[in-house]
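Colleague: Here it is, the structure, as structure tokens.
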Amino acid sequence: MALFRTLTQQRAELEKEWSRWATSASSAARLTPRTPLLRNEVAKSWERSLHTVDPARTVAPGLDDAADRWAESPLRGPITALADQLRAISQEAGYVAAVTDNTGTIVWTCGDRTIRRQGESVNFAPGGCWDESHMGTNGLSLALHSDSPVTVFSAEHLVAALHGWVCYSAPIHAPDGRQLGVLDLSSRWERSHPAVLSSVRALVTAAETMLRATDLGPRTGVRLECLGTARLLRDGRPVPLPPRQLEILALLALEPDGYTPDQLHAAVYGDRPVSTSTLKADVSHLRRATGGEIANRRYTLTGPLSCDAVDLVSAIQSGDTSSAVWLYRGPLLPGSDTPGVLEWRAYLDVGVRTAVLASDRPEHAVAFGERAPDDLEIHEHALRLLPADDVRRAVVSARLHTAMRH
């Protein structure tokens with residue numbers, strides 16, 4: 001109740017200051033705010049926005065190409081990977097999550113159904129233009145302008161129709177530092193809580209880590225994806241291969257020094273009575289699939305092949321826990337019982353898990369817990385690290401409860 005009273009008082013004071021600014025005929029009369037609650041960055045944004053935005057406007061203008069913008073957005077990959085976590089956080093806390101492109105146009109949303117409907121009434125939805133020149137001061141526009149995480153509460157919004165809202169926003173950057181867009185969590189003002197901005201920061205860190213991990217330039221060449229899946233891509237297009245040959249290719253990628261024929265036979269078949277000619281036939285087929293880039297006498301890769309599991313090994317060995325967590329999309333070649341794969345799978349699983357348990361950053365445990373739903377220790381570690389008022393605790397507590405019942 002004390003927090004609610006404080007928010008109510010804060011909202012009332014900001015409303016008075018907003019009324020003075022919105023009705024004043026000259027900027028000179030607005031130079032000295034009458035309440036210390038009006039932050040300088042908000043006042044400056046109001047001043048810029050009043051040149052192009054009517055505070056009485058009721059809805060954001062819209063564009064018709066939101067689907068095309070989203071299809072072409074570099075944020076589509078990481079946000080899709082984070083979608084389950086974003087939905088869980090926003091639905092549990094009664095928020096709507098939104099992602100914009102670098103112009104402030106919303107390209108993706110999810111979250112609480114009621115809050116989403118209320119947002120849609122002001123076109124807080126894909127296609128809505130929420131930059132400063134169209135909708136004045138709001139979380140999305142201020143994060144883009146300031147290039148930093150921001151909160152915009154109630155009457156800090158220039159447009160009166162938004163005074164019932166609170167926005168927590170942070171810009172997302174490409175590996176080269178360019179702004180790609182903004183991630184935002186918004187809800188009704190009475191749900192305001194500073195812990196939400198921490199969640200937004202953590203999610204942006206996750207998205208930027210994934211962008212760094214996949215910063216491979218154009219999708220050309222040969223790419224093996226074997227964490228939580230099993231497929232070979234050439235220039236971005238799938239190359240059909242049977243499971244056994246994908247296993248062999250994964251082992252060759254993970255062992256840069258390669259294998260003698262006997263070593264590879266043991267890693268693939270173990271003690272099973274399989275002839276050496278079967279292995280030779282599989283390797284010959286792989287040579288055709290990869291462009292002939294497998295050496296003969298000692299089986300090694302002789303050409304460039306990128307692999308998500310190799311990227312994960314590098315992250316673990318370099319102590320980059322953030323990259324390791326976001327690269328880990330699941331166990332190595334799930335379903336495979338090949339001896340060499342089983343050995344590497346255990347190495348990767350234990351490596352990431354150990355790094356997460358050693359980390360004091362809650363976002364690591366929260367994210368890894370999504371991929372390891374039955375791991376009680378990971379969920380307990382996340383709860384120890386999360387502040388008591390962090391909205392992510394609800395999601396982690398639910399995971400822990402479910403894991404304890406299994």
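Just so we're on the same page: first chain in the structure tokens is A, next is B, and so on; residues restart at 1 for each chain, and ligands are numbered from 1 in the order they show up.
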Excluding same-chain residues fewer than 4 positions from Ile294 in chain A, what lies within 10 Å of it counting only C-alpha atoms, as a list in words?
Modeller: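 So the residues in contact are Leu249, Leu252, Gly258, Val283, Ser284, Leu286, Arg287, Arg288, Thr290, Arg298, Tyr299, Thr300, Leu301, Thr302 and Gly303 of chain A.
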Colleague: List the spatial neighbours of range 272-280 of chain A as a list of chain:residue names - criterion: any atom at most 10 Å away, only C-alpha atoms, same-chain residues fewer than 4 positions off excluded.
Modeller: A:Arg244, A:Gln245, A:Ile248, A:Pro261, A:Asp262, A:Leu264, A:His265, A:Ala266, A:Val268, A:Ser284, A:His285, A:Leu286, A:Asn296
Colleague: Please produce a file of the residues just selected, as an mmCIF file, in the first residue's frame, where the atoms kept are all heavy atoms.
Modeller:
data_model
loop_
_atom_site.group_PDB
_atom_site.id
_atom_site.type_symbol
_atom_site.label_atom_id
_atom_site.label_comp_id
_atom_site.auth_asym_id
_atom_site.auth_seq_id
_atom_site.Cartn_x
_atom_site.Cartn_y
_atom_site.Cartn_z
ATOM 1 N N ARG A 244 23.271 -40.602 -39.039
ATOM 2 C CA ARG A 244 24.631 -41.091 -38.802
ATOM 3 C C ARG A 244 25.668 -40.154 -39.403
ATOM 4 O O ARG A 244 26.707 -39.883 -38.783
ATOM 5 C CB ARG A 244 24.785 -42.496 -39.407
ATOM 6 C CG ARG A 244 26.159 -43.105 -39.196
ATOM 7 C CD ARG A 244 26.396 -43.420 -37.720
ATOM 8 N NE ARG A 244 25.570 -44.529 -37.288
ATOM 9 C CZ ARG A 244 25.130 -44.711 -36.053
ATOM 10 N NH1 ARG A 244 25.433 -43.822 -35.116
ATOM 11 N NH2 ARG A 244 24.381 -45.751 -35.730
ATOM 12 N N GLN A 245 25.417 -39.625 -40.568
ATOM 13 C CA GLN A 245 26.392 -38.740 -41.200
ATOM 14 C C GLN A 245 26.450 -37.382 -40.501
ATOM 15 O O GLN A 245 27.514 -36.763 -40.415
ATOM 16 C CB GLN A 245 26.073 -38.605 -42.679
ATOM 17 C CG GLN A 245 26.317 -39.900 -43.441
ATOM 18 C CD GLN A 245 25.907 -39.840 -44.891
ATOM 19 O OE1 GLN A 245 25.722 -38.770 -45.443
ATOM 20 N NE2 GLN A 245 25.757 -41.010 -45.515
ATOM 21 N N ILE A 248 28.758 -38.005 -37.580
ATOM 22 C CA ILE A 248 30.164 -38.014 -37.989
ATOM 23 C C ILE A 248 30.654 -36.596 -38.217
ATOM 24 O O ILE A 248 31.756 -36.216 -37.772
ATOM 25 C CB ILE A 248 30.347 -38.864 -39.268
ATOM 26 C CG1 ILE A 248 30.053 -40.345 -38.968
ATOM 27 C CG2 ILE A 248 31.761 -38.703 -39.825
ATOM 28 C CD1 ILE A 248 29.994 -41.211 -40.205
ATOM 29 N N PRO A 261 41.161 -43.615 -38.880
ATOM 30 C CA PRO A 261 39.967 -44.420 -39.201
ATOM 31 C C PRO A 261 39.486 -45.275 -38.029
ATOM 32 O O PRO A 261 38.280 -45.372 -37.787
ATOM 33 C CB PRO A 261 40.445 -45.276 -40.372
ATOM 34 C CG PRO A 261 41.471 -44.419 -41.052
ATOM 35 C CD PRO A 261 42.189 -43.720 -39.939
ATOM 36 N N ASP A 262 40.416 -45.888 -37.290
ATOM 37 C CA ASP A 262 40.022 -46.718 -36.147
ATOM 38 C C ASP A 262 39.379 -45.881 -35.043
ATOM 39 O O ASP A 262 38.395 -46.301 -34.411
ATOM 40 C CB ASP A 262 41.226 -47.464 -35.585
ATOM 41 C CG ASP A 262 41.689 -48.595 -36.500
ATOM 42 O OD1 ASP A 262 40.892 -48.986 -37.391
ATOM 43 O OD2 ASP A 262 42.828 -49.063 -36.331
ATOM 44 N N LEU A 264 37.783 -42.989 -35.343
ATOM 45 C CA LEU A 264 36.455 -42.523 -35.746
ATOM 46 C C LEU A 264 35.455 -43.678 -35.721
ATOM 47 O O LEU A 264 34.302 -43.510 -35.310
ATOM 48 C CB LEU A 264 36.502 -41.897 -37.136
ATOM 49 C CG LEU A 264 35.186 -41.242 -37.608
ATOM 50 C CD1 LEU A 264 34.713 -40.174 -36.625
ATOM 51 C CD2 LEU A 264 35.349 -40.649 -39.004
ATOM 52 N N HIS A 265 35.911 -44.867 -36.129
ATOM 53 C CA HIS A 265 35.031 -46.038 -36.087
ATOM 54 C C HIS A 265 34.563 -46.291 -34.657
ATOM 55 O O HIS A 265 33.373 -46.567 -34.405
ATOM 56 C CB HIS A 265 35.772 -47.257 -36.657
ATOM 57 C CG HIS A 265 34.890 -48.446 -36.894
ATOM 58 N ND1 HIS A 265 34.488 -49.286 -35.881
ATOM 59 C CD2 HIS A 265 34.297 -48.923 -38.034
ATOM 60 C CE1 HIS A 265 33.712 -50.233 -36.373
ATOM 61 N NE2 HIS A 265 33.582 -50.034 -37.684
ATOM 62 N N ALA A 266 35.484 -46.202 -33.699
ATOM 63 C CA ALA A 266 35.123 -46.432 -32.291
ATOM 64 C C ALA A 266 34.198 -45.334 -31.771
ATOM 65 O O ALA A 266 33.263 -45.605 -31.005
ATOM 66 C CB ALA A 266 36.388 -46.504 -31.443
ATOM 67 N N VAL A 268 32.068 -43.615 -33.455
ATOM 68 C CA VAL A 268 30.746 -43.679 -34.097
ATOM 69 C C VAL A 268 30.009 -44.968 -33.734
ATOM 70 O O VAL A 268 28.820 -44.945 -33.399
ATOM 71 C CB VAL A 268 30.889 -43.558 -35.626
ATOM 72 C CG1 VAL A 268 29.535 -43.766 -36.307
ATOM 73 C CG2 VAL A 268 31.474 -42.199 -36.002
ATOM 74 N N SER A 284 32.533 -40.780 -47.516
ATOM 75 C CA SER A 284 32.497 -40.403 -48.937
ATOM 76 C C SER A 284 31.260 -39.573 -49.248
ATOM 77 O O SER A 284 31.325 -38.574 -49.981
ATOM 78 C CB SER A 284 32.522 -41.660 -49.818
ATOM 79 O OG SER A 284 33.746 -42.352 -49.681
ATOM 80 N N HIS A 285 30.142 -39.963 -48.697
ATOM 81 C CA HIS A 285 28.918 -39.192 -48.915
ATOM 82 C C HIS A 285 29.041 -37.800 -48.305
ATOM 83 O O HIS A 285 28.589 -36.800 -48.876
ATOM 84 C CB HIS A 285 27.723 -39.943 -48.314
ATOM 85 C CG HIS A 285 26.402 -39.339 -48.692
ATOM 86 N ND1 HIS A 285 25.842 -38.296 -47.987
ATOM 87 C CD2 HIS A 285 25.539 -39.625 -49.707
ATOM 88 C CE1 HIS A 285 24.674 -37.967 -48.537
ATOM 89 N NE2 HIS A 285 24.477 -38.745 -49.584
ATOM 90 N N LEU A 286 29.659 -37.731 -47.130
ATOM 91 C CA LEU A 286 29.865 -36.432 -46.483
ATOM 92 C C LEU A 286 30.764 -35.527 -47.320
ATOM 93 O O LEU A 286 30.566 -34.310 -47.358
ATOM 94 C CB LEU A 286 30.489 -36.621 -45.094
ATOM 95 C CG LEU A 286 29.531 -36.849 -43.933
ATOM 96 C CD1 LEU A 286 30.308 -37.097 -42.649
ATOM 97 C CD2 LEU A 286 28.606 -35.652 -43.748
ATOM 98 N N ASN A 296 41.711 -37.572 -46.238
ATOM 99 C CA ASN A 296 41.577 -39.004 -46.487
ATOM 100 C C ASN A 296 42.170 -39.888 -45.393
ATOM 101 O O ASN A 296 41.448 -40.605 -44.718
ATOM 102 C CB ASN A 296 42.239 -39.363 -47.811
ATOM 103 C CG ASN A 296 41.254 -39.981 -48.781
ATOM 104 O OD1 ASN A 296 40.272 -40.557 -48.358
ATOM 105 N ND2 ASN A 296 41.535 -39.852 -50.072
#
Colleague: Write out as a ChimeraX atom specification all residues of range 8-212 of chain A that backbone DSSP assigns to strand (DSSP E).
Modeller: /A:96-100,106-111,150-153,165-173,179-188
Colleague: Could you give me, as a ChimeraX atom specification, the residues within 10 Å of Glu377 in chain A, counting only C-alpha atoms and dropping anything in the same chain fewer than 6 positions from it?
Modeller: /A:353,357,365,369,383,400
Colleague: Using only C-alpha atoms, which protein or nucleic acid residues come within 7 Å of Gly94 in chain A? Drop anything in the same chain fewer than 5 positions from it, and give the result as a list of chain:residue names.
Modeller: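 Residues meeting the cut-off are A:Asp112, A:Ile115, A:Ser187.
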Colleague: Residues within 8 Å of range 97-99 of chain A, please, as a count of residues only. Count only C-alpha atoms; anything in the same chain fewer than 3 positions from it doesn't count.
Modeller: 16
Colleague: As a ChimeraX atom specification, please: all residues of range 283-388 of chain A that backbone DSSP puts in helix (DSSP H, G or I).
Modeller: /A:283-290,308-318,321-327,339-358,362-371,376-385
Colleague: Name all residues at most 12 Å from Ala253 in chain A (count only C-alpha atoms; drop same-chain ones fewer than 4 positions away) and give them as a ChimeraX atom specification.
Modeller: /A:222-226,246-249,257-259,293-294,299-311,313,341,344
Colleague: Would you mind exporting N, CA, C and O atoms of the selected residues as a compact mmCIF listing (two decimals), in the first residue's frame?
Modeller:
# COMPACT_ATOMS: atom_id res chain seq x y z
N VAL A 222 29.18 -23.53 -45.32
CA VAL A 222 28.57 -24.71 -44.70
C VAL A 222 28.42 -24.46 -43.20
O VAL A 222 29.37 -24.06 -42.53
N ARG A 223 27.23 -24.73 -42.68
CA ARG A 223 26.92 -24.49 -41.26
C ARG A 223 26.25 -25.73 -40.69
O ARG A 223 25.25 -26.22 -41.23
N LEU A 224 26.80 -26.26 -39.60
CA LEU A 224 26.22 -27.41 -38.92
C LEU A 224 25.57 -26.93 -37.63
O LEU A 224 26.22 -26.30 -36.79
N GLU A 225 24.28 -27.22 -37.47
CA GLU A 225 23.55 -26.87 -36.25
C GLU A 225 23.17 -28.17 -35.56
O GLU A 225 22.43 -28.99 -36.12
N CYS A 226 23.68 -28.37 -34.36
CA CYS A 226 23.47 -29.66 -33.70
C CYS A 226 23.16 -29.53 -32.21
O CYS A 226 23.21 -30.53 -31.48
N LEU A 246 25.33 -36.92 -39.95
CA LEU A 246 25.37 -35.70 -39.15
C LEU A 246 26.18 -35.92 -37.88
O LEU A 246 26.92 -35.03 -37.44
N GLU A 247 26.09 -37.11 -37.30
CA GLU A 247 26.90 -37.43 -36.12
C GLU A 247 28.38 -37.40 -36.46
O GLU A 247 29.20 -36.85 -35.70
N ILE A 248 28.76 -38.01 -37.58
CA ILE A 248 30.16 -38.01 -37.99
C ILE A 248 30.65 -36.60 -38.22
O ILE A 248 31.76 -36.22 -37.77
N LEU A 249 29.86 -35.79 -38.87
CA LEU A 249 30.27 -34.41 -39.16
C LEU A 249 30.43 -33.61 -37.87
O LEU A 249 31.36 -32.82 -37.73
N ASP A 257 41.71 -31.75 -34.70
CA ASP A 257 42.86 -32.58 -35.10
C ASP A 257 42.43 -33.87 -35.79
O ASP A 257 43.27 -34.61 -36.30
N GLY A 258 41.13 -34.12 -35.79
CA GLY A 258 40.61 -35.26 -36.53
C GLY A 258 40.81 -36.60 -35.85
O GLY A 258 41.22 -36.69 -34.68
N TYR A 259 40.53 -37.66 -36.60
CA TYR A 259 40.56 -39.04 -36.11
C TYR A 259 41.30 -39.93 -37.11
O TYR A 259 41.20 -39.73 -38.33
N GLU A 293 35.62 -31.54 -48.52
CA GLU A 293 36.56 -30.94 -47.57
C GLU A 293 36.79 -31.81 -46.33
O GLU A 293 36.72 -31.35 -45.19
N ILE A 294 37.02 -33.11 -46.56
CA ILE A 294 37.40 -34.03 -45.49
C ILE A 294 38.63 -34.80 -45.96
O ILE A 294 38.62 -35.42 -47.03
N TYR A 299 40.96 -38.57 -40.83
CA TYR A 299 39.71 -37.86 -41.09
C TYR A 299 39.68 -36.53 -40.35
O TYR A 299 39.54 -36.48 -39.12
N THR A 300 39.88 -35.47 -41.10
CA THR A 300 39.80 -34.11 -40.55
C THR A 300 39.08 -33.22 -41.56
O THR A 300 39.07 -33.49 -42.76
N LEU A 301 38.49 -32.13 -41.04
CA LEU A 301 37.87 -31.14 -41.92
C LEU A 301 38.96 -30.25 -42.49
O LEU A 301 39.78 -29.71 -41.75
N THR A 302 38.97 -30.08 -43.81
CA THR A 302 40.01 -29.27 -44.46
C THR A 302 39.47 -27.95 -44.99
O THR A 302 40.24 -27.14 -45.50
N GLY A 303 38.17 -27.74 -44.88
CA GLY A 303 37.56 -26.50 -45.35
C GLY A 303 36.77 -25.84 -44.25
O GLY A 303 36.53 -26.44 -43.19
N PRO A 304 36.33 -24.60 -44.47
CA PRO A 304 35.58 -23.87 -43.42
C PRO A 304 34.20 -24.47 -43.21
O PRO A 304 33.44 -24.68 -44.16
N LEU A 305 33.90 -24.80 -41.96
CA LEU A 305 32.57 -25.26 -41.57
C LEU A 305 32.28 -24.67 -40.20
O LEU A 305 33.02 -24.92 -39.24
N SER A 306 31.24 -23.85 -40.10
CA SER A 306 30.87 -23.29 -38.80
C SER A 306 29.90 -24.24 -38.12
O SER A 306 29.15 -24.97 -38.77
N CYS A 307 29.92 -24.23 -36.78
CA CYS A 307 29.12 -25.18 -36.02
C CYS A 307 28.74 -24.56 -34.68
O CYS A 307 29.61 -24.03 -33.97
N ASP A 308 27.46 -24.64 -34.32
CA ASP A 308 27.02 -24.04 -33.07
C ASP A 308 27.66 -24.71 -31.85
O ASP A 308 27.96 -24.05 -30.85
N ALA A 309 27.91 -26.02 -31.92
CA ALA A 309 28.53 -26.71 -30.80
C ALA A 309 29.97 -26.27 -30.60
O ALA A 309 30.45 -26.15 -29.47
N VAL A 310 30.68 -26.01 -31.70
CA VAL A 310 32.06 -25.50 -31.61
C VAL A 310 32.06 -24.10 -30.99
O VAL A 310 32.91 -23.76 -30.16
N ASP A 311 31.09 -23.27 -31.40
CA ASP A 311 30.96 -21.94 -30.79
C ASP A 311 30.73 -22.05 -29.29
O ASP A 311 31.28 -21.27 -28.50
N VAL A 313 31.66 -24.56 -27.29
CA VAL A 313 32.92 -24.97 -26.65
C VAL A 313 33.82 -23.76 -26.42
O VAL A 313 34.41 -23.60 -25.34
N VAL A 341 29.37 -38.87 -29.52
CA VAL A 341 28.39 -37.81 -29.29
C VAL A 341 27.99 -37.76 -27.82
O VAL A 341 27.87 -36.68 -27.22
N TRP A 344 30.70 -35.94 -25.88
CA TRP A 344 30.68 -34.49 -26.09
C TRP A 344 29.43 -33.85 -25.50
O TRP A 344 29.47 -32.73 -24.99
Colleague: Between A:Gly340, A:Gly119, A:Gly136, A:Pro36, which residue has the minimum interatomic distance to Tyr269 in chain A, considering only C-alpha atoms?
Modeller: A:Gly340
